[in-house]
Amino acid sequence: MAITRRQFLKRTGAVAAGSLLGPSLFDNIFVRQALASTVGDRYFLVIFLDGGNDGLNTVVPATNGSGGLRTAYDTVRTTGQGGLNLSPTDLQNTLIGNDPNTGAQLAIHPGFVNGLKPLYDLGKVAVIQGCGYPNYSLSHDQARTIWRTANPLGLGSLSGTGWMGRYLAQNYGATDIPGVTIADAVAAEFRQTVTSVLAISRLRDFGFPYDDFVPSTLPDDTPAKRAAFDALCTAASGGMQASEVYIGDSGLATLISSESYPPLHSLYVNDPSRQPFNLRYSDLNTGTARNLREVAKVINGVRQGVSNVTARFFQLENGGYDTHSDQGAANPMGQHYLLHQEVGDALKVFYDDLNDMGVADKLCVMVWSEFSRRINQNANGTDHGSQGPMFVIGGSVNGGVYGNHPNIDPVALDGDGNTVYSQDANLFRSTDLRDVYGTILKHWLNMPQATILSSVLPLDMGSASDYWTAQNFDLSFLP
């Protein structure tokens, strides 16, 4: 069966559009400088906690403050067999700042004690509370789509694109490959049709899918196949029809990237300065650690000026957060504890690795989940919820607590037992996810606010209390 374009791109892990000017395109120092100046020599990484992370047991009130948060927490999260209650004693080693409006002392889950907490203490973690959007969905698929597209109201003008994809389309052209997803498919956040994004599970296994139907008695014909493919794609790139150019450019992008990215593995693992960190990733022996190491390999290649390696945008995910049962509380063998431990410990190694490379101040990491969990627990877990916390991490991040803790008083919950999204100016005003995105776009990626509003994150129509009708792209967790 003839291979289709869709199959071809899925197998090779590249999506591209526009024209590449040959394998040495990015060798030109002026092109390199132009790519870097787009984001000011910075990197951005998105980490998705797949399944709906329990926000109430991730950022936990340890005291009441003026809003009675701890009393409400003790009412809804039980102790004893199957209980999810994190006591003040459980939280004593992971205390962070106070809730900005109620003044309640907050803590993060004890699973973060050796990972995220040390980074928080260094001032490198912003904890952003109460993040959500209007008319929130409790469906995994719908909620994921909303977060990835930043399109809660389903505007047709944004259809088929991710929020980061719209940024990439505004700032990079057909000759660029600015993004990498550590997966076998391009992340929906990066989806667009203008520039290129690679999907790579492991750099050392990434390669062009030449067929292996050559008898052992004959010489290797790979060079001839490469030359033929290159010639065909180059000719198509110079064609007169848009579809022809698209196919040619995509083929060249796939070919060039499949040859440029695999050597980054050896460059990293054979570098004595990277060995201590390589071993630390290995010692963790988790999927998140392995995926973050792949990102570190690419950043190391960009830092060292490897030809045709220019990616500055990355995405990966960690699953398992759909904790309807066996969620656990502070038990180190509990499901939620292990999930937070995996992500937090891996992020600590990753940050230390990039700090040793001298680029930690050029890194911004954003962590999100498609929704939180219900405020009241079930027998030993939590059902689908609404608003939850996000984390923003990096060497230039202004650490601390941002946004308001949601109102968890039982009388304030909706009919499903979830906190309510609201833009009213009160103690429990929600943080719209688009204000977090907009702050990153404006202050980290240097995108003008007017452009963000016109082409990436348009404001909602509706009441100012219930919808996002006024932006706040100046949340001070970024310089």
# chains A, B, ... in the order shown; residues from 1 in each chain; ligands from 1

call {"tool": "select_by_dssp", "arguments": {"residues": "range 200-363 of chain A", "states": "helix (DSSP H, G or I)", "output": "mmCIF file with C-alpha atoms, in the first residue's frame"}}
result
data_model
loop_
_atom_site.group_PDB
_atom_site.id
_atom_site.type_symbol
_atom_site.label_atom_id
_atom_site.label_comp_id
_atom_site.auth_asym_id
_atom_site.auth_seq_id
_atom_site.Cartn_x
_atom_site.Cartn_y
_atom_site.Cartn_z
ATOM 1 C CA LEU A 203 16.427 11.258 19.988
ATOM 2 C CA ARG A 204 18.622 8.222 19.437
ATOM 3 C CA ASP A 205 15.718 6.384 17.754
ATOM 4 C CA THR A 222 20.637 4.356 1.456
ATOM 5 C CA PRO A 223 22.791 7.177 0.007
ATOM 6 C CA ALA A 224 21.095 6.769 -3.358
ATOM 7 C CA LYS A 225 17.656 6.777 -1.743
ATOM 8 C CA ARG A 226 18.533 9.902 0.200
ATOM 9 C CA ALA A 227 19.769 11.686 -2.885
ATOM 10 C CA ALA A 228 16.652 10.727 -4.810
ATOM 11 C CA PHE A 229 14.314 11.862 -2.046
ATOM 12 C CA ASP A 230 16.217 15.127 -1.636
ATOM 13 C CA ALA A 231 16.076 15.798 -5.358
ATOM 14 C CA LEU A 232 12.351 15.065 -5.568
ATOM 15 C CA CYS A 233 11.493 17.297 -2.595
ATOM 16 C CA THR A 234 13.762 20.105 -3.763
ATOM 17 C CA ALA A 235 12.085 20.059 -7.147
ATOM 18 C CA ALA A 236 8.639 20.070 -5.541
ATOM 19 C CA SER A 237 9.629 22.979 -3.294
ATOM 20 C CA ALA A 242 0.891 25.354 -3.319
ATOM 21 C CA SER A 243 0.183 21.675 -2.647
ATOM 22 C CA GLU A 244 3.319 20.650 -4.528
ATOM 23 C CA VAL A 245 5.442 23.137 -2.586
ATOM 24 C CA TYR A 246 3.893 21.967 0.683
ATOM 25 C CA ILE A 247 4.771 18.327 0.019
ATOM 26 C CA GLY A 248 8.299 19.179 -1.040
ATOM 27 C CA ASP A 249 8.993 21.437 1.907
ATOM 28 C CA SER A 250 7.560 18.941 4.378
ATOM 29 C CA GLY A 251 9.717 16.188 2.971
ATOM 30 C CA LEU A 252 12.858 18.279 3.226
ATOM 31 C CA ALA A 253 12.020 19.319 6.785
ATOM 32 C CA THR A 254 11.603 15.675 7.737
ATOM 33 C CA LEU A 255 14.838 14.651 6.068
ATOM 34 C CA ILE A 256 16.956 17.417 7.565
ATOM 35 C CA SER A 257 15.616 17.098 11.095
ATOM 36 C CA SER A 258 15.924 13.301 11.073
ATOM 37 C CA GLU A 259 19.637 13.745 10.396
ATOM 38 C CA SER A 260 20.278 16.695 12.721
ATOM 39 C CA PRO A 263 23.396 13.092 17.223
ATOM 40 C CA LEU A 264 22.245 15.287 20.134
ATOM 41 C CA HIS A 265 21.931 12.105 22.201
ATOM 42 C CA SER A 266 25.629 11.231 21.930
ATOM 43 C CA LEU A 267 26.647 14.863 22.297
ATOM 44 C CA TYR A 268 24.933 14.894 25.688
ATOM 45 C CA VAL A 269 25.730 11.455 27.116
ATOM 46 C CA PRO A 272 31.710 14.626 30.994
ATOM 47 C CA SER A 273 30.049 17.797 32.276
ATOM 48 C CA ARG A 274 26.624 16.259 31.672
ATOM 49 C CA GLN A 275 27.379 12.882 33.228
ATOM 50 C CA PRO A 276 26.331 13.740 36.818
ATOM 51 C CA PHE A 277 22.941 14.879 35.579
ATOM 52 C CA ASN A 278 22.565 11.997 33.146
ATOM 53 C CA LEU A 279 23.008 9.654 36.100
ATOM 54 C CA ARG A 280 20.548 11.596 38.247
ATOM 55 C CA TYR A 281 17.872 11.271 35.557
ATOM 56 C CA SER A 282 18.641 7.549 35.345
ATOM 57 C CA ASP A 283 18.475 7.092 39.107
ATOM 58 C CA LEU A 284 14.946 8.522 39.153
ATOM 59 C CA GLY A 287 9.022 8.599 32.397
ATOM 60 C CA THR A 288 9.061 12.281 33.312
ATOM 61 C CA ALA A 289 12.791 12.177 34.069
ATOM 62 C CA ARG A 290 13.533 10.408 30.788
ATOM 63 C CA ASN A 291 11.430 12.893 28.819
ATOM 64 C CA LEU A 292 12.997 15.913 30.488
ATOM 65 C CA ARG A 293 16.421 14.503 29.692
ATOM 66 C CA GLU A 294 15.440 14.482 25.986
ATOM 67 C CA VAL A 295 14.525 18.164 26.263
ATOM 68 C CA ALA A 296 17.849 18.846 27.987
ATOM 69 C CA LYS A 297 19.672 17.132 25.111
ATOM 70 C CA VAL A 298 18.029 19.438 22.573
ATOM 71 C CA ILE A 299 18.692 22.562 24.628
ATOM 72 C CA ASN A 300 22.306 21.436 25.018
ATOM 73 C CA GLY A 301 22.516 21.167 21.223
ATOM 74 C CA VAL A 302 21.029 24.616 20.681
ATOM 75 C CA ARG A 303 23.399 26.029 23.282
ATOM 76 C CA GLN A 335 -0.875 7.317 44.120
ATOM 77 C CA HIS A 336 -1.023 11.114 44.328
ATOM 78 C CA TYR A 337 2.181 11.283 46.348
ATOM 79 C CA LEU A 338 4.055 9.216 43.754
ATOM 80 C CA LEU A 339 2.724 11.316 40.874
ATOM 81 C CA HIS A 340 3.855 14.571 42.465
ATOM 82 C CA GLN A 341 7.153 13.046 43.498
ATOM 83 C CA GLU A 342 7.841 11.927 39.927
ATOM 84 C CA VAL A 343 7.212 15.341 38.401
ATOM 85 C CA GLY A 344 8.799 17.394 41.175
ATOM 86 C CA ASP A 345 11.976 15.326 41.466
ATOM 87 C CA ALA A 346 12.448 15.254 37.680
ATOM 88 C CA LEU A 347 11.972 19.021 37.440
ATOM 89 C CA LYS A 348 14.612 19.548 40.120
ATOM 90 C CA VAL A 349 17.186 17.517 38.164
ATOM 91 C CA PHE A 350 16.200 19.262 34.936
ATOM 92 C CA TYR A 351 16.541 22.705 36.498
ATOM 93 C CA ASP A 352 19.917 21.793 38.016
ATOM 94 C CA ASP A 353 21.066 20.433 34.647
ATOM 95 C CA LEU A 354 20.144 23.621 32.816
ATOM 96 C CA ASN A 355 21.579 25.739 35.598
ATOM 97 C CA ASP A 356 24.890 23.925 35.151
ATOM 98 C CA MET A 357 24.652 24.601 31.393
ATOM 99 C CA ALA A 360 18.405 28.205 33.734
ATOM 100 C CA ASP A 361 17.625 31.927 33.581
ATOM 101 C CA LYS A 362 16.554 31.412 29.969
#

call {"tool": "residues_around", "arguments": {"residues": "Arg374 in chain A", "least_positions_apart": "2", "cutoff": "9 Å", "atoms": "only C-alpha atoms", "output": "VMD selection string"}}
result
chain A and resid 54 56 372 376 to 378 382 to 386 416 to 419

call {"tool": "write_last_selection", "arguments": {"atoms": "all heavy atoms", "output": "mmCIF file, in the first residue's frame"}}
result
data_model
loop_
_atom_site.group_PDB
_atom_site.id
_atom_site.type_symbol
_atom_site.label_atom_id
_atom_site.label_comp_id
_atom_site.auth_asym_id
_atom_site.auth_seq_id
_atom_site.Cartn_x
_atom_site.Cartn_y
_atom_site.Cartn_z
ATOM 1 N N ASP A 54 -5.718 16.679 41.320
ATOM 2 C CA ASP A 54 -6.462 17.170 42.481
ATOM 3 C C ASP A 54 -5.794 18.429 43.032
ATOM 4 O O ASP A 54 -4.826 18.358 43.780
ATOM 5 C CB ASP A 54 -6.540 16.085 43.549
ATOM 6 C CG ASP A 54 -7.295 16.536 44.794
ATOM 7 O OD1 ASP A 54 -7.905 17.617 44.764
ATOM 8 O OD2 ASP A 54 -7.275 15.796 45.793
ATOM 9 N N LEU A 56 -6.907 20.676 45.196
ATOM 10 C CA LEU A 56 -7.073 20.954 46.615
ATOM 11 C C LEU A 56 -6.043 20.218 47.452
ATOM 12 O O LEU A 56 -5.678 20.689 48.532
ATOM 13 C CB LEU A 56 -8.495 20.589 47.064
ATOM 14 C CG LEU A 56 -8.865 20.912 48.511
ATOM 15 C CD1 LEU A 56 -8.613 22.388 48.833
ATOM 16 C CD2 LEU A 56 -10.318 20.544 48.788
ATOM 17 N N SER A 372 -9.300 20.251 37.896
ATOM 18 C CA SER A 372 -8.975 19.776 39.235
ATOM 19 C C SER A 372 -9.910 18.612 39.564
ATOM 20 O O SER A 372 -10.520 18.015 38.668
ATOM 21 C CB SER A 372 -9.107 20.917 40.241
ATOM 22 O OG SER A 372 -8.726 20.497 41.520
ATOM 23 N N ASN A 376 -15.376 17.659 47.598
ATOM 24 C CA ASN A 376 -15.650 16.532 48.496
ATOM 25 C C ASN A 376 -15.022 15.269 47.926
ATOM 26 O O ASN A 376 -15.169 14.980 46.734
ATOM 27 C CB ASN A 376 -17.166 16.326 48.632
ATOM 28 C CG ASN A 376 -17.818 17.412 49.456
ATOM 29 O OD1 ASN A 376 -17.732 17.422 50.673
ATOM 30 N ND2 ASN A 376 -18.479 18.336 48.769
ATOM 31 N N GLN A 377 -14.343 14.517 48.760
ATOM 32 C CA GLN A 377 -13.768 13.269 48.292
ATOM 33 C C GLN A 377 -14.839 12.181 48.217
ATOM 34 O O GLN A 377 -15.912 12.297 48.813
ATOM 35 C CB GLN A 377 -12.653 12.828 49.232
ATOM 36 C CG GLN A 377 -13.142 12.371 50.611
ATOM 37 C CD GLN A 377 -12.042 11.681 51.397
ATOM 38 O OE1 GLN A 377 -11.184 12.346 51.960
ATOM 39 N NE2 GLN A 377 -12.067 10.348 51.415
ATOM 40 N N ASN A 378 -14.582 11.129 47.433
ATOM 41 C CA ASN A 378 -15.425 9.947 47.503
ATOM 42 C C ASN A 378 -14.800 8.979 48.509
ATOM 43 O O ASN A 378 -14.051 9.413 49.386
ATOM 44 C CB ASN A 378 -15.635 9.325 46.114
ATOM 45 C CG ASN A 378 -14.322 8.925 45.447
ATOM 46 O OD1 ASN A 378 -13.370 8.530 46.121
ATOM 47 N ND2 ASN A 378 -14.270 9.014 44.135
ATOM 48 N N THR A 382 -11.179 11.083 44.299
ATOM 49 C CA THR A 382 -11.901 12.319 43.971
ATOM 50 C C THR A 382 -12.423 12.252 42.552
ATOM 51 O O THR A 382 -11.760 11.733 41.648
ATOM 52 C CB THR A 382 -10.975 13.544 44.111
ATOM 53 O OG1 THR A 382 -9.713 13.264 43.484
ATOM 54 C CG2 THR A 382 -10.736 13.904 45.566
ATOM 55 N N ASP A 383 -13.618 12.807 42.356
ATOM 56 C CA ASP A 383 -14.217 12.846 41.024
ATOM 57 C C ASP A 383 -13.810 14.129 40.289
ATOM 58 O O ASP A 383 -13.107 14.973 40.827
ATOM 59 C CB ASP A 383 -15.733 12.731 41.139
ATOM 60 C CG ASP A 383 -16.166 11.363 41.663
ATOM 61 O OD1 ASP A 383 -15.496 10.376 41.310
ATOM 62 O OD2 ASP A 383 -17.142 11.297 42.426
ATOM 63 N N HIS A 384 -14.294 14.278 39.061
ATOM 64 C CA HIS A 384 -13.899 15.404 38.210
ATOM 65 C C HIS A 384 -14.319 16.735 38.819
ATOM 66 O O HIS A 384 -15.430 16.882 39.312
ATOM 67 C CB HIS A 384 -14.515 15.255 36.824
ATOM 68 C CG HIS A 384 -14.030 14.047 36.088
ATOM 69 N ND1 HIS A 384 -14.403 13.786 34.786
ATOM 70 C CD2 HIS A 384 -13.200 13.039 36.454
ATOM 71 C CE1 HIS A 384 -13.831 12.657 34.386
ATOM 72 N NE2 HIS A 384 -13.095 12.181 35.387
ATOM 73 N N GLY A 385 -13.401 17.722 38.738
ATOM 74 C CA GLY A 385 -13.655 19.019 39.335
ATOM 75 C C GLY A 385 -13.521 20.157 38.345
ATOM 76 O O GLY A 385 -13.599 19.973 37.136
ATOM 77 N N SER A 386 -13.296 21.357 38.866
ATOM 78 C CA SER A 386 -13.261 22.534 38.004
ATOM 79 C C SER A 386 -11.898 23.211 38.081
ATOM 80 O O SER A 386 -10.944 22.761 37.466
ATOM 81 C CB SER A 386 -14.387 23.499 38.373
ATOM 82 O OG SER A 386 -14.354 23.828 39.753
ATOM 83 N N ASP A 416 -22.570 20.214 41.365
ATOM 84 C CA ASP A 416 -21.709 19.038 41.282
ATOM 85 C C ASP A 416 -20.684 18.982 42.409
ATOM 86 O O ASP A 416 -19.859 18.069 42.450
ATOM 87 C CB ASP A 416 -20.965 19.031 39.941
ATOM 88 C CG ASP A 416 -21.888 18.782 38.765
ATOM 89 O OD1 ASP A 416 -22.779 17.923 38.905
ATOM 90 O OD2 ASP A 416 -21.713 19.434 37.718
ATOM 91 N N GLY A 417 -20.724 19.986 43.304
ATOM 92 C CA GLY A 417 -19.745 20.019 44.386
ATOM 93 C C GLY A 417 -18.408 20.593 43.983
ATOM 94 O O GLY A 417 -17.371 20.244 44.570
ATOM 95 N N ASN A 418 -18.424 21.489 42.993
ATOM 96 C CA ASN A 418 -17.189 22.099 42.507
ATOM 97 C C ASN A 418 -17.177 23.607 42.729
ATOM 98 O O ASN A 418 -18.225 24.247 42.826
ATOM 99 C CB ASN A 418 -17.016 21.814 41.012
ATOM 100 C CG ASN A 418 -16.676 20.369 40.735
ATOM 101 O OD1 ASN A 418 -15.797 19.808 41.367
ATOM 102 N ND2 ASN A 418 -17.390 19.754 39.807
ATOM 103 N N THR A 419 -15.987 24.170 42.770
ATOM 104 C CA THR A 419 -15.855 25.613 42.901
ATOM 105 C C THR A 419 -16.304 26.290 41.615
ATOM 106 O O THR A 419 -16.258 25.714 40.531
ATOM 107 C CB THR A 419 -14.408 26.012 43.225
ATOM 108 O OG1 THR A 419 -13.537 25.575 42.167
ATOM 109 C CG2 THR A 419 -13.958 25.388 44.527
#

call {"tool": "atom_distance", "arguments": {"atom1": "CA of Gly103 in chain A", "atom2": "CA of Val436 in chain A"}}
result
22.0 Å

call {"tool": "closest_residue", "arguments": {"among": "A:Phe208, A:Phe112, A:Phe313, A:Phe428", "to": "Ser196 in chain A", "atoms": "only C-alpha atoms"}}
result
A:Phe313

call {"tool": "residues_around", "arguments": {"residues": "Leu122 in chain A", "least_positions_apart": "2", "cutoff": "12 Å", "atoms": "only C-alpha atoms", "output": "NGL selection string"}}
result
:A and (96 or 115-120 or 124-126 or 348 or 351-352 or 393-400)

call {"tool": "residues_around", "arguments": {"residues": "Asn426 in chain A", "least_positions_apart": "3", "cutoff": "10 Å", "atoms": "only C-alpha atoms", "output": "VMD selection string"}}
result
chain A and resid 101 404 422 to 423 429 to 430

call {"tool": "closest_residue", "arguments": {"among": "A:Gln142, A:Ser159, A:Thr310, A:Asp220", "to": "Tyr172 in chain A", "atoms": "only C-alpha atoms"}}
result
A:Thr310

call {"tool": "closest_residue", "arguments": {"among": "A:Val359, A:Leu45, A:Leu91, A:Val39", "to": "Thr58 in chain A", "atoms": "only C-alpha atoms"}}
result
A:Leu91

call {"tool": "residues_around", "arguments": {"residues": "range 68-83 of chain A", "least_positions_apart": "4", "cutoff": "7 Å", "atoms": "only C-alpha atoms", "output": "PyMOL selection string"}}
result
chain A and resi 61-64+375-377+379-380+408-409

call {"tool": "atom_distance", "arguments": {"atom1": "CA of Ala470 in chain A", "atom2": "CA of Gly130 in chain A"}}
result
17.1 Å

call {"tool": "atom_distance", "arguments": {"atom1": "CA of Pro178 in chain A", "atom2": "CA of Phe314 in chain A"}}
result
8.8 Å

call {"tool": "closest_residue", "arguments": {"among": "A:Phe371, A:Tyr402, A:Tyr467, A:Tyr167", "to": "Pro448 in chain A", "atoms": "only C-alpha atoms"}}
result
A:Tyr167

call {"tool": "select_by_dssp", "arguments": {"residues": "range 133-212 of chain A", "states": "strand (DSSP E or B)", "output": "JSON, numbers by chain"}}
result
{"A": [179, 180, 181, 197, 198, 199]}

call {"tool": "closest_residue", "arguments": {"among": "A:Asn407, A:Ala330, A:Gly415, A:Met164", "to": "Asp90 in chain A", "atoms": "only C-alpha atoms"}}
result
A:Ala330

call {"tool": "residues_around", "arguments": {"residues": "Asp322 in chain A", "least_positions_apart": "5", "cutoff": "8 Å", "atoms": "only C-alpha atoms", "output": "VMD selection string"}}
result
chain A and resid 50 to 53

call {"tool": "write_last_selection", "arguments": {"atoms": "C-alpha atoms", "output": "mmCIF file, in the first residue's frame"}}
result
data_model
loop_
_atom_site.group_PDB
_atom_site.id
_atom_site.type_symbol
_atom_site.label_atom_id
_atom_site.label_comp_id
_atom_site.auth_asym_id
_atom_site.auth_seq_id
_atom_site.Cartn_x
_atom_site.Cartn_y
_atom_site.Cartn_z
ATOM 1 C CA ASP A 50 -2.994 14.201 32.176
ATOM 2 C CA GLY A 51 -6.143 13.042 33.963
ATOM 3 C CA GLY A 52 -7.154 15.984 36.122
ATOM 4 C CA ASN A 53 -4.850 16.730 39.041
#

call {"tool": "decode", "arguments": {"residues": "range 389-421 of chain A", "atoms": "N, CA and C atoms", "output": "mmCIF file, in the first residue's frame"}}
result
data_model
loop_
_atom_site.group_PDB
_atom_site.id
_atom_site.type_symbol
_atom_site.label_atom_id
_atom_site.label_comp_id
_atom_site.auth_asym_id
_atom_site.auth_seq_id
_atom_site.Cartn_x
_atom_site.Cartn_y
_atom_site.Cartn_z
ATOM 1 N N PRO A 389 -4.731 24.608 40.414
ATOM 2 C CA PRO A 389 -3.507 25.412 40.344
ATOM 3 C C PRO A 389 -2.668 25.106 39.117
ATOM 4 N N MET A 390 -1.850 26.064 38.736
ATOM 5 C CA MET A 390 -0.800 25.895 37.735
ATOM 6 C C MET A 390 0.525 26.256 38.396
ATOM 7 N N PHE A 391 1.608 25.768 37.810
ATOM 8 C CA PHE A 391 2.944 26.144 38.263
ATOM 9 C C PHE A 391 3.698 26.759 37.090
ATOM 10 N N VAL A 392 4.466 27.808 37.356
ATOM 11 C CA VAL A 392 5.400 28.367 36.388
ATOM 12 C C VAL A 392 6.768 28.370 37.052
ATOM 13 N N ILE A 393 7.753 27.790 36.401
ATOM 14 C CA ILE A 393 9.048 27.493 37.008
ATOM 15 C C ILE A 393 10.163 27.978 36.094
ATOM 16 N N GLY A 394 11.213 28.541 36.664
ATOM 17 C CA GLY A 394 12.359 28.933 35.863
ATOM 18 C C GLY A 394 13.289 29.862 36.605
ATOM 19 N N GLY A 395 14.474 30.024 36.052
ATOM 20 C CA GLY A 395 15.487 30.844 36.706
ATOM 21 C C GLY A 395 15.119 32.301 36.807
ATOM 22 N N SER A 396 14.284 32.800 35.899
ATOM 23 C CA SER A 396 13.877 34.206 35.925
ATOM 24 C C SER A 396 12.474 34.408 36.467
ATOM 25 N N VAL A 397 11.855 33.338 36.966
ATOM 26 C CA VAL A 397 10.502 33.445 37.515
ATOM 27 C C VAL A 397 10.551 34.137 38.877
ATOM 28 N N ASN A 398 9.583 35.018 39.108
ATOM 29 C CA ASN A 398 9.423 35.636 40.422
ATOM 30 C C ASN A 398 8.549 34.706 41.264
ATOM 31 N N GLY A 399 9.202 33.902 42.084
ATOM 32 C CA GLY A 399 8.487 32.880 42.829
ATOM 33 C C GLY A 399 7.505 33.451 43.830
ATOM 34 N N GLY A 400 6.542 32.619 44.231
ATOM 35 C CA GLY A 400 5.561 33.030 45.221
ATOM 36 C C GLY A 400 4.185 32.504 44.880
ATOM 37 N N VAL A 401 3.193 32.979 45.596
ATOM 38 C CA VAL A 401 1.809 32.552 45.405
ATOM 39 C C VAL A 401 1.040 33.657 44.689
ATOM 40 N N TYR A 402 0.324 33.280 43.623
ATOM 41 C CA TYR A 402 -0.456 34.223 42.824
ATOM 42 C C TYR A 402 -1.886 33.710 42.705
ATOM 43 N N GLY A 403 -2.802 34.631 42.506
ATOM 44 C CA GLY A 403 -4.201 34.244 42.363
ATOM 45 C C GLY A 403 -4.809 33.857 43.698
ATOM 46 N N ASN A 404 -6.109 33.663 43.695
ATOM 47 C CA ASN A 404 -6.849 33.386 44.922
ATOM 48 C C ASN A 404 -7.159 31.904 45.051
ATOM 49 N N HIS A 405 -7.050 31.414 46.277
ATOM 50 C CA HIS A 405 -7.508 30.050 46.511
ATOM 51 C C HIS A 405 -9.016 30.010 46.293
ATOM 52 N N PRO A 406 -9.525 29.005 45.561
ATOM 53 C CA PRO A 406 -10.982 28.945 45.338
ATOM 54 C C PRO A 406 -11.753 28.814 46.652
ATOM 55 N N ASN A 407 -12.979 29.266 46.630
ATOM 56 C CA ASN A 407 -13.864 29.167 47.796
ATOM 57 C C ASN A 407 -14.353 27.721 47.918
ATOM 58 N N ILE A 408 -13.905 27.020 48.958
ATOM 59 C CA ILE A 408 -14.255 25.607 49.130
ATOM 60 C C ILE A 408 -15.290 25.397 50.233
ATOM 61 N N ASP A 409 -15.882 26.484 50.721
ATOM 62 C CA ASP A 409 -16.981 26.346 51.671
ATOM 63 C C ASP A 409 -18.109 25.559 51.003
ATOM 64 N N PRO A 410 -18.627 24.521 51.652
ATOM 65 C CA PRO A 410 -19.673 23.704 51.012
ATOM 66 C C PRO A 410 -20.850 24.509 50.469
ATOM 67 N N VAL A 411 -21.196 25.622 51.111
ATOM 68 C CA VAL A 411 -22.351 26.397 50.640
ATOM 69 C C VAL A 411 -22.037 27.181 49.371
ATOM 70 N N ALA A 412 -20.750 27.300 49.014
ATOM 71 C CA ALA A 412 -20.360 28.084 47.843
ATOM 72 C C ALA A 412 -20.163 27.225 46.598
ATOM 73 N N LEU A 413 -20.280 25.908 46.735
ATOM 74 C CA LEU A 413 -20.017 25.019 45.614
ATOM 75 C C LEU A 413 -21.226 24.929 44.686
ATOM 76 N N ASP A 414 -20.971 24.494 43.441
ATOM 77 C CA ASP A 414 -22.079 24.331 42.501
ATOM 78 C C ASP A 414 -22.791 22.999 42.755
ATOM 79 N N GLY A 415 -23.753 22.662 41.887
ATOM 80 C CA GLY A 415 -24.545 21.462 42.093
ATOM 81 C C GLY A 415 -23.765 20.176 41.998
ATOM 82 N N ASP A 416 -22.570 20.214 41.365
ATOM 83 C CA ASP A 416 -21.709 19.038 41.282
ATOM 84 C C ASP A 416 -20.684 18.982 42.409
ATOM 85 N N GLY A 417 -20.724 19.986 43.304
ATOM 86 C CA GLY A 417 -19.745 20.019 44.386
ATOM 87 C C GLY A 417 -18.408 20.593 43.983
ATOM 88 N N ASN A 418 -18.424 21.489 42.993
ATOM 89 C CA ASN A 418 -17.189 22.099 42.507
ATOM 90 C C ASN A 418 -17.177 23.607 42.729
ATOM 91 N N THR A 419 -15.987 24.170 42.770
ATOM 92 C CA THR A 419 -15.855 25.613 42.901
ATOM 93 C C THR A 419 -16.304 26.290 41.615
ATOM 94 N N VAL A 420 -16.738 27.544 41.733
ATOM 95 C CA VAL A 420 -17.386 28.256 40.624
ATOM 96 C C VAL A 420 -16.427 29.287 40.038
ATOM 97 N N TYR A 421 -16.277 29.260 38.705
ATOM 98 C CA TYR A 421 -15.499 30.285 38.008
ATOM 99 C C TYR A 421 -16.223 31.622 38.097
#
